[in-house]
>>> print(open('start_17.cif').read())   # mmCIF, C-alpha atoms
data_target
loop_
_atom_site.label_atom_id
_atom_site.label_comp_id
_atom_site.auth_asym_id
_atom_site.auth_seq_id
_atom_site.Cartn_x
_atom_site.Cartn_y
_atom_site.Cartn_z
CA MET A 1 52.45 -66.38 57.26
CA PHE A 2 55.16 -63.75 57.67
CA ASP A 3 56.61 -62.41 54.43
CA PRO A 4 59.30 -59.72 54.86
CA ALA A 5 58.56 -58.38 51.37
CA SER A 6 54.99 -57.62 52.45
CA THR A 7 55.94 -55.92 55.71
CA PRO A 8 54.23 -52.53 55.82
CA SER A 9 56.58 -49.60 55.66
CA ARG A 10 57.03 -48.30 59.17
CA VAL A 11 60.16 -46.37 58.39
CA GLY A 12 61.39 -43.81 60.87
CA LEU A 13 63.36 -43.41 64.04
CA ASN A 14 61.79 -45.24 66.95
CA GLY A 15 61.79 -44.22 70.56
CA GLY A 16 64.14 -47.06 71.46
CA GLY A 17 66.99 -45.53 69.45
CA THR A 18 69.88 -47.38 67.93
CA PRO A 19 71.88 -49.80 70.10
CA GLN A 20 75.04 -48.33 71.58
CA GLY A 21 78.07 -49.38 69.58
CA ALA A 22 75.99 -51.51 67.22
CA THR A 23 77.93 -52.92 64.34
CA LEU A 24 75.79 -55.01 62.10
CA SER A 25 77.37 -56.94 59.27
CA ARG A 26 74.90 -58.54 56.92
CA PRO A 27 75.21 -60.19 53.53
CA GLU A 28 71.80 -58.99 52.23
CA PRO A 29 68.89 -56.78 53.27
CA CYS A 30 67.78 -57.90 56.71
CA LEU A 31 64.57 -56.96 58.50
CA GLY A 32 66.10 -57.87 61.88
CA CYS A 33 69.01 -55.47 61.32
CA ASP A 34 66.65 -52.76 60.02
CA ILE A 35 64.51 -53.03 63.15
CA GLY A 36 67.60 -52.92 65.37
CA LEU A 37 68.84 -49.79 63.61
CA GLY A 38 65.46 -48.04 63.64
CA ALA A 39 64.94 -48.07 59.87
CA VAL A 40 61.78 -50.18 60.34
CA VAL A 41 59.57 -49.50 63.34
CA PRO A 42 57.22 -52.30 64.46
CA PRO A 43 53.97 -51.35 66.24
CA GLY A 44 54.94 -49.81 69.58
CA GLY A 45 58.61 -49.44 68.53
CA ILE A 46 61.45 -51.03 70.47
CA LEU A 47 60.09 -51.86 73.92
CA LEU A 48 63.37 -52.76 75.60
CA ARG A 49 67.05 -53.10 74.75
CA GLU A 50 69.04 -55.32 77.06
CA GLY A 51 72.05 -57.59 76.91
CA GLY A 52 72.49 -57.37 73.13
CA PHE A 53 68.81 -57.97 72.39
CA ALA A 54 65.82 -55.83 71.48
CA ILE A 55 62.20 -56.63 72.31
CA HIS A 56 59.50 -55.46 69.88
CA ALA A 57 56.09 -56.42 68.52
CA LEU A 58 55.85 -58.50 65.37
CA ALA A 59 56.72 -56.28 62.40
CA ASP A 60 54.07 -57.93 60.22
CA ARG A 61 50.37 -57.98 61.05
CA SER A 62 49.59 -60.24 64.00
CA PRO A 63 46.56 -62.37 64.84
CA ILE A 64 47.52 -62.50 68.55
CA ARG A 65 47.71 -59.47 70.86
CA GLY A 66 50.99 -59.23 72.70
CA TRP A 67 52.99 -61.25 70.13
CA LEU A 68 56.54 -60.04 70.77
CA VAL A 69 59.89 -60.79 69.21
CA LEU A 70 63.22 -60.92 71.00
CA THR A 71 65.81 -60.03 68.34
CA SER A 72 69.61 -59.99 68.42
CA GLU A 73 70.86 -56.40 68.08
CA ARG A 74 73.69 -57.56 65.87
CA HIS A 75 73.37 -59.77 62.83
CA ALA A 76 73.53 -63.42 63.83
CA ARG A 77 71.93 -66.15 61.73
CA ALA A 78 70.72 -68.34 64.60
CA TRP A 79 71.29 -69.51 68.19
CA TYR A 80 74.56 -71.13 67.16
CA ASP A 81 75.99 -67.77 66.02
CA LEU A 82 75.39 -66.02 69.35
CA PRO A 83 78.44 -65.75 71.62
CA PRO A 84 78.30 -67.43 75.06
CA ASP A 85 77.80 -64.16 76.95
CA GLU A 86 74.69 -63.30 74.88
CA LEU A 87 73.38 -66.86 75.16
CA SER A 88 73.68 -66.64 78.96
CA ARG A 89 71.42 -63.56 78.94
CA LEU A 90 68.90 -64.88 76.40
CA GLY A 91 67.02 -67.36 78.60
CA PRO A 92 66.54 -65.07 81.60
CA LEU A 93 65.42 -62.20 79.36
CA ALA A 94 62.95 -64.39 77.46
CA ALA A 95 61.54 -65.69 80.77
CA ARG A 96 61.08 -62.11 82.07
CA VAL A 97 59.27 -61.07 78.90
CA MET A 98 57.03 -64.14 79.03
CA ALA A 99 56.17 -63.41 82.68
CA ALA A 100 55.35 -59.81 81.73
CA GLN A 101 53.09 -61.02 78.89
CA ARG A 102 51.22 -63.20 81.36
CA ASP A 103 51.02 -60.45 83.99
CA ALA A 104 50.10 -57.50 81.75
CA LEU A 105 47.82 -59.28 79.28
CA GLY A 106 46.43 -62.20 81.26
CA ALA A 107 47.94 -64.84 78.98
CA GLU A 108 47.58 -68.42 80.19
CA HIS A 109 50.76 -69.52 78.45
CA VAL A 110 53.45 -68.12 76.14
CA TYR A 111 54.91 -70.07 73.24
CA ALA A 112 58.54 -69.54 72.15
CA PHE A 113 59.49 -70.19 68.53
CA ALA A 114 62.88 -69.80 66.83
CA ILE A 115 62.52 -70.96 63.23
CA GLY A 116 64.66 -68.72 61.02
CA ASP A 117 63.62 -70.03 57.61
CA VAL A 118 62.22 -66.73 56.34
CA LEU A 119 64.17 -64.14 58.34
CA ARG A 120 67.79 -65.23 58.65
CA HIS A 121 68.56 -63.06 61.68
CA PHE A 122 68.25 -64.53 65.17
CA HIS A 123 64.84 -63.80 66.65
CA LEU A 124 62.64 -65.59 69.15
CA HIS A 125 58.87 -65.24 68.77
CA LEU A 126 57.12 -64.99 72.16
CA VAL A 127 53.45 -65.62 71.45
CA PRO A 128 50.84 -65.45 74.23
CA ARG A 129 47.96 -67.89 74.37
CA PHE A 130 44.76 -66.71 76.00
CA ALA A 131 41.70 -68.63 77.23
CA ASP A 132 39.81 -67.29 74.21
CA THR A 133 42.52 -67.93 71.61
CA PRO A 134 40.80 -69.95 68.89
CA GLU A 135 42.07 -73.50 68.49
CA ARG A 136 43.04 -72.69 64.89
CA LEU A 137 45.59 -70.10 66.20
CA ARG A 138 47.10 -72.14 69.03
CA GLY A 139 50.64 -73.48 68.98
CA ARG A 140 52.49 -73.23 65.69
CA ARG A 141 49.19 -72.47 63.95
CA CYS A 142 49.50 -68.87 65.17
CA PHE A 143 51.66 -68.33 62.06
CA GLU A 144 48.70 -69.35 59.87
CA GLY A 145 46.30 -66.55 60.76
CA GLY A 146 44.23 -65.27 57.86
CA PRO A 147 43.43 -61.68 56.91
CA GLY A 148 40.31 -61.69 59.09
CA ASP A 149 42.36 -62.69 62.14
CA MET A 150 44.85 -59.82 61.96
CA LEU A 151 44.84 -57.06 64.57
CA ALA A 152 45.07 -53.39 63.77
CA ASP A 153 48.54 -51.91 64.36
CA VAL A 154 47.14 -49.69 67.13
CA GLU A 155 45.89 -52.77 69.04
CA ALA A 156 49.24 -54.54 68.62
CA ALA A 157 51.08 -51.41 69.80
CA HIS A 158 48.80 -51.05 72.83
CA ALA A 159 49.42 -54.65 73.93
CA ALA A 160 53.19 -54.25 73.33
CA ARG A 161 53.31 -51.11 75.48
CA ALA A 162 51.37 -52.86 78.26
CA VAL A 163 54.05 -55.55 78.34
CA ALA A 164 56.79 -52.89 78.28
CA ALA A 165 55.18 -51.23 81.32
CA ALA A 166 55.13 -54.56 83.15
CA LEU A 167 58.82 -55.09 82.32
CA ALA A 168 59.65 -51.64 83.74
CA ARG A 169 58.11 -52.45 87.15
#
>>> encode(input="start_17.cif", output="structure tokens")
Amino acid sequence: MFDPASTPSRVGLNGGGTPQGATLSRPEPCLGCDIGLGAVVPPGGILLREGGFAIHALADRSPIRGWLVLTSERHARAWYDLPPDELSRLGPLAARVMAAQRDALGAEHVYAFAIGDVLRHFHLHLVPRFADTPERLRGRRCFEGGPGDMLADVEAAHAARAVAAALAR
């Protein structure tokens, strides 16, 4: 299960840069804001910035290759805090990313989860399901992967970049 306190330090400036005109107001330390500003770099860095959102791999270790996160570039607690113009771009962007995950990685399906109990910054998990995904990691159980299920950062970054390349086509 994701624990922001256990997130490995991937501090540095990522290739995606900082969002233009980003003003992030946050009441406490926020992993979502830190990723958006480049203070924390997930495997593969920021893959795409578009419409007020950033796409990146899961910042914590992942049991599923191609697990991506669509994160608001500004601090917003949840869907209900996003303004209408951002909400109108969210669905089409998520659908494009999901199609790219299927195209680039051969996923059969892509789950979308917005929970927000641990990280209180709007983010949408886009988690591919493959023919060989074990039953124990399907659906919401993908959050319950054990240490033996976790991918190496290099494998997560490779899958993330493959999706980024598909998005650029």
>>> atom_distance(input="start_17.cif", atom1="CA of Thr71 (chain A)", atom2="CA of Phe53 (chain A)")
5.4 Å
>>> axis_aligned_box(input="start_17.cif", around="region 154-166 of chain A", padding_each_side="5 Å", output="lines of an AutoDock Vina configuration file")
center_x = 51.3
center_y = -52.6
center_z = 75.1
size_x = 20.9
size_y = 15.9
size_z = 26.0
>>> closest_residue(input="start_17.cif", among="A:Ile35, A:Val41, A:Leu47, A:Leu90", to="Ala164 (chain A)", atoms="all atoms listed in the file")
A:Leu47
>>> residues_around(input="start_17.cif", residues="Glu108 (chain A)", least_positions_apart="5", cutoff="8 Å", atoms="all atoms listed in the file", output="PyMOL selection string")
chain A and resi 102+128-131
>>> closest_residue(input="start_17.cif", among="A:Arg120, A:Arg161, A:His109, A:Arg65", to="Gly139 (chain A)", atoms="all atoms listed in the file")
A:His109
>>> closest_residue(input="start_17.cif", among="A:Pro63, A:Gly91, A:Leu48, A:Gly38", to="Leu167 (chain A)", atoms="all atoms listed in the file")
A:Leu48
>>> closest_residue(input="start_17.cif", among="A:Ala59, A:Arg140, A:His75, A:Leu151", to="Ala112 (chain A)", atoms="only C-alpha atoms")
A:Arg140
>>> closest_residue(input="start_17.cif", among="A:Ala54, A:Cys30, A:Cys142, A:Leu105", to="Ala160 (chain A)", atoms="all atoms listed in the file")
A:Leu105
>>> resolve_selection(input="start_17.cif", expression="the PyMOL selection byres ((chain A and resi 152) around 10)", output="MDAnalysis selection string")
chainID A and resid 43 61:63 65 149:151 153:157
>>> resolve_selection(input="start_17.cif", expression="the PyMOL selection byres ((chain A and resi 82) around 12)", output="VMD selection string")
chain A and resid 51 to 53 71 to 81 83 to 90 121 to 123
>>> decode(input="start_17.cif", residues="region 106-144 of chain A", atoms="N, CA and C atoms", output="short mmCIF file (atom, residue, chain, number, x, y, z; two decimals), in the first residue's frame")
data_model
loop_
_atom_site.label_atom_id
_atom_site.label_comp_id
_atom_site.auth_asym_id
_atom_site.auth_seq_id
_atom_site.Cartn_x
_atom_site.Cartn_y
_atom_site.Cartn_z
N GLY A 106 0.16 -3.30 -24.46
CA GLY A 106 -0.66 -4.48 -24.68
C GLY A 106 -1.61 -4.79 -23.55
N ALA A 107 -1.99 -3.79 -22.78
CA ALA A 107 -2.93 -4.00 -21.67
C ALA A 107 -4.30 -4.38 -22.24
N GLU A 108 -4.97 -5.28 -21.56
CA GLU A 108 -6.33 -5.66 -21.94
C GLU A 108 -7.36 -4.64 -21.47
N HIS A 109 -7.04 -4.00 -20.35
CA HIS A 109 -7.98 -3.08 -19.71
C HIS A 109 -7.15 -2.11 -18.87
N VAL A 110 -7.73 -0.96 -18.53
CA VAL A 110 -7.06 -0.02 -17.63
C VAL A 110 -8.06 0.43 -16.58
N TYR A 111 -7.70 0.22 -15.32
CA TYR A 111 -8.53 0.67 -14.21
C TYR A 111 -8.23 2.14 -13.93
N ALA A 112 -9.23 2.88 -13.43
CA ALA A 112 -9.05 4.26 -12.99
C ALA A 112 -9.54 4.36 -11.55
N PHE A 113 -8.65 4.83 -10.67
CA PHE A 113 -8.98 4.97 -9.25
C PHE A 113 -8.67 6.38 -8.79
N ALA A 114 -9.61 7.01 -8.11
CA ALA A 114 -9.38 8.29 -7.43
C ALA A 114 -9.86 8.10 -6.00
N ILE A 115 -8.94 7.92 -5.08
CA ILE A 115 -9.31 7.60 -3.71
C ILE A 115 -9.04 8.79 -2.79
N GLY A 116 -7.80 9.22 -2.71
CA GLY A 116 -7.46 10.44 -1.98
C GLY A 116 -7.45 10.36 -0.47
N ASP A 117 -7.40 9.16 0.10
CA ASP A 117 -7.34 9.05 1.56
C ASP A 117 -5.93 9.24 2.11
N VAL A 118 -4.92 8.86 1.35
CA VAL A 118 -3.54 8.98 1.81
C VAL A 118 -2.92 10.27 1.29
N LEU A 119 -3.00 10.49 -0.01
CA LEU A 119 -2.47 11.71 -0.62
C LEU A 119 -3.65 12.63 -0.90
N ARG A 120 -3.69 13.74 -0.20
CA ARG A 120 -4.82 14.67 -0.33
C ARG A 120 -4.51 15.75 -1.37
N HIS A 121 -4.23 15.28 -2.58
CA HIS A 121 -3.98 16.13 -3.75
C HIS A 121 -4.59 15.35 -4.90
N PHE A 122 -5.42 16.00 -5.73
CA PHE A 122 -6.13 15.24 -6.75
C PHE A 122 -5.16 14.47 -7.64
N HIS A 123 -5.40 13.19 -7.74
CA HIS A 123 -4.66 12.31 -8.65
C HIS A 123 -5.55 11.14 -9.03
N LEU A 124 -5.38 10.68 -10.25
CA LEU A 124 -6.15 9.57 -10.78
C LEU A 124 -5.17 8.47 -11.17
N HIS A 125 -5.26 7.33 -10.49
CA HIS A 125 -4.41 6.19 -10.82
C HIS A 125 -4.96 5.53 -12.08
N LEU A 126 -4.11 5.30 -13.07
CA LEU A 126 -4.48 4.61 -14.30
C LEU A 126 -3.64 3.34 -14.35
N VAL A 127 -4.26 2.21 -14.01
CA VAL A 127 -3.54 0.97 -13.76
C VAL A 127 -3.91 -0.07 -14.83
N PRO A 128 -2.94 -0.44 -15.67
CA PRO A 128 -3.22 -1.45 -16.70
C PRO A 128 -3.43 -2.84 -16.11
N ARG A 129 -4.27 -3.60 -16.78
CA ARG A 129 -4.42 -5.02 -16.45
C ARG A 129 -4.02 -5.80 -17.69
N PHE A 130 -3.17 -6.78 -17.50
CA PHE A 130 -2.66 -7.60 -18.59
C PHE A 130 -3.24 -9.01 -18.48
N ALA A 131 -3.14 -9.77 -19.56
CA ALA A 131 -3.62 -11.16 -19.53
C ALA A 131 -2.94 -11.95 -18.43
N ASP A 132 -1.66 -11.64 -18.15
CA ASP A 132 -0.93 -12.38 -17.14
C ASP A 132 -0.89 -11.70 -15.76
N THR A 133 -1.70 -10.67 -15.58
CA THR A 133 -1.76 -10.05 -14.24
C THR A 133 -2.37 -11.06 -13.28
N PRO A 134 -1.66 -11.38 -12.20
CA PRO A 134 -2.21 -12.35 -11.24
C PRO A 134 -3.54 -11.86 -10.66
N GLU A 135 -4.41 -12.78 -10.40
CA GLU A 135 -5.73 -12.45 -9.84
C GLU A 135 -5.58 -11.62 -8.56
N ARG A 136 -4.56 -11.89 -7.76
CA ARG A 136 -4.37 -11.19 -6.50
C ARG A 136 -4.02 -9.71 -6.69
N LEU A 137 -3.67 -9.30 -7.94
CA LEU A 137 -3.32 -7.90 -8.22
C LEU A 137 -4.32 -7.23 -9.16
N ARG A 138 -5.44 -7.86 -9.39
CA ARG A 138 -6.46 -7.28 -10.28
C ARG A 138 -7.42 -6.38 -9.50
N GLY A 139 -7.96 -5.40 -10.22
CA GLY A 139 -8.90 -4.48 -9.58
C GLY A 139 -8.22 -3.71 -8.46
N ARG A 140 -8.97 -3.40 -7.43
CA ARG A 140 -8.43 -2.61 -6.33
C ARG A 140 -7.30 -3.31 -5.58
N ARG A 141 -7.17 -4.62 -5.80
CA ARG A 141 -6.11 -5.37 -5.13
C ARG A 141 -4.71 -5.00 -5.64
N CYS A 142 -4.65 -4.23 -6.73
CA CYS A 142 -3.33 -3.79 -7.22
C CYS A 142 -2.62 -2.95 -6.15
N PHE A 143 -3.36 -2.33 -5.25
CA PHE A 143 -2.77 -1.54 -4.18
C PHE A 143 -2.19 -2.41 -3.06
N GLU A 144 -2.44 -3.72 -3.12
CA GLU A 144 -2.03 -4.62 -2.05
C GLU A 144 -0.83 -5.47 -2.42
#
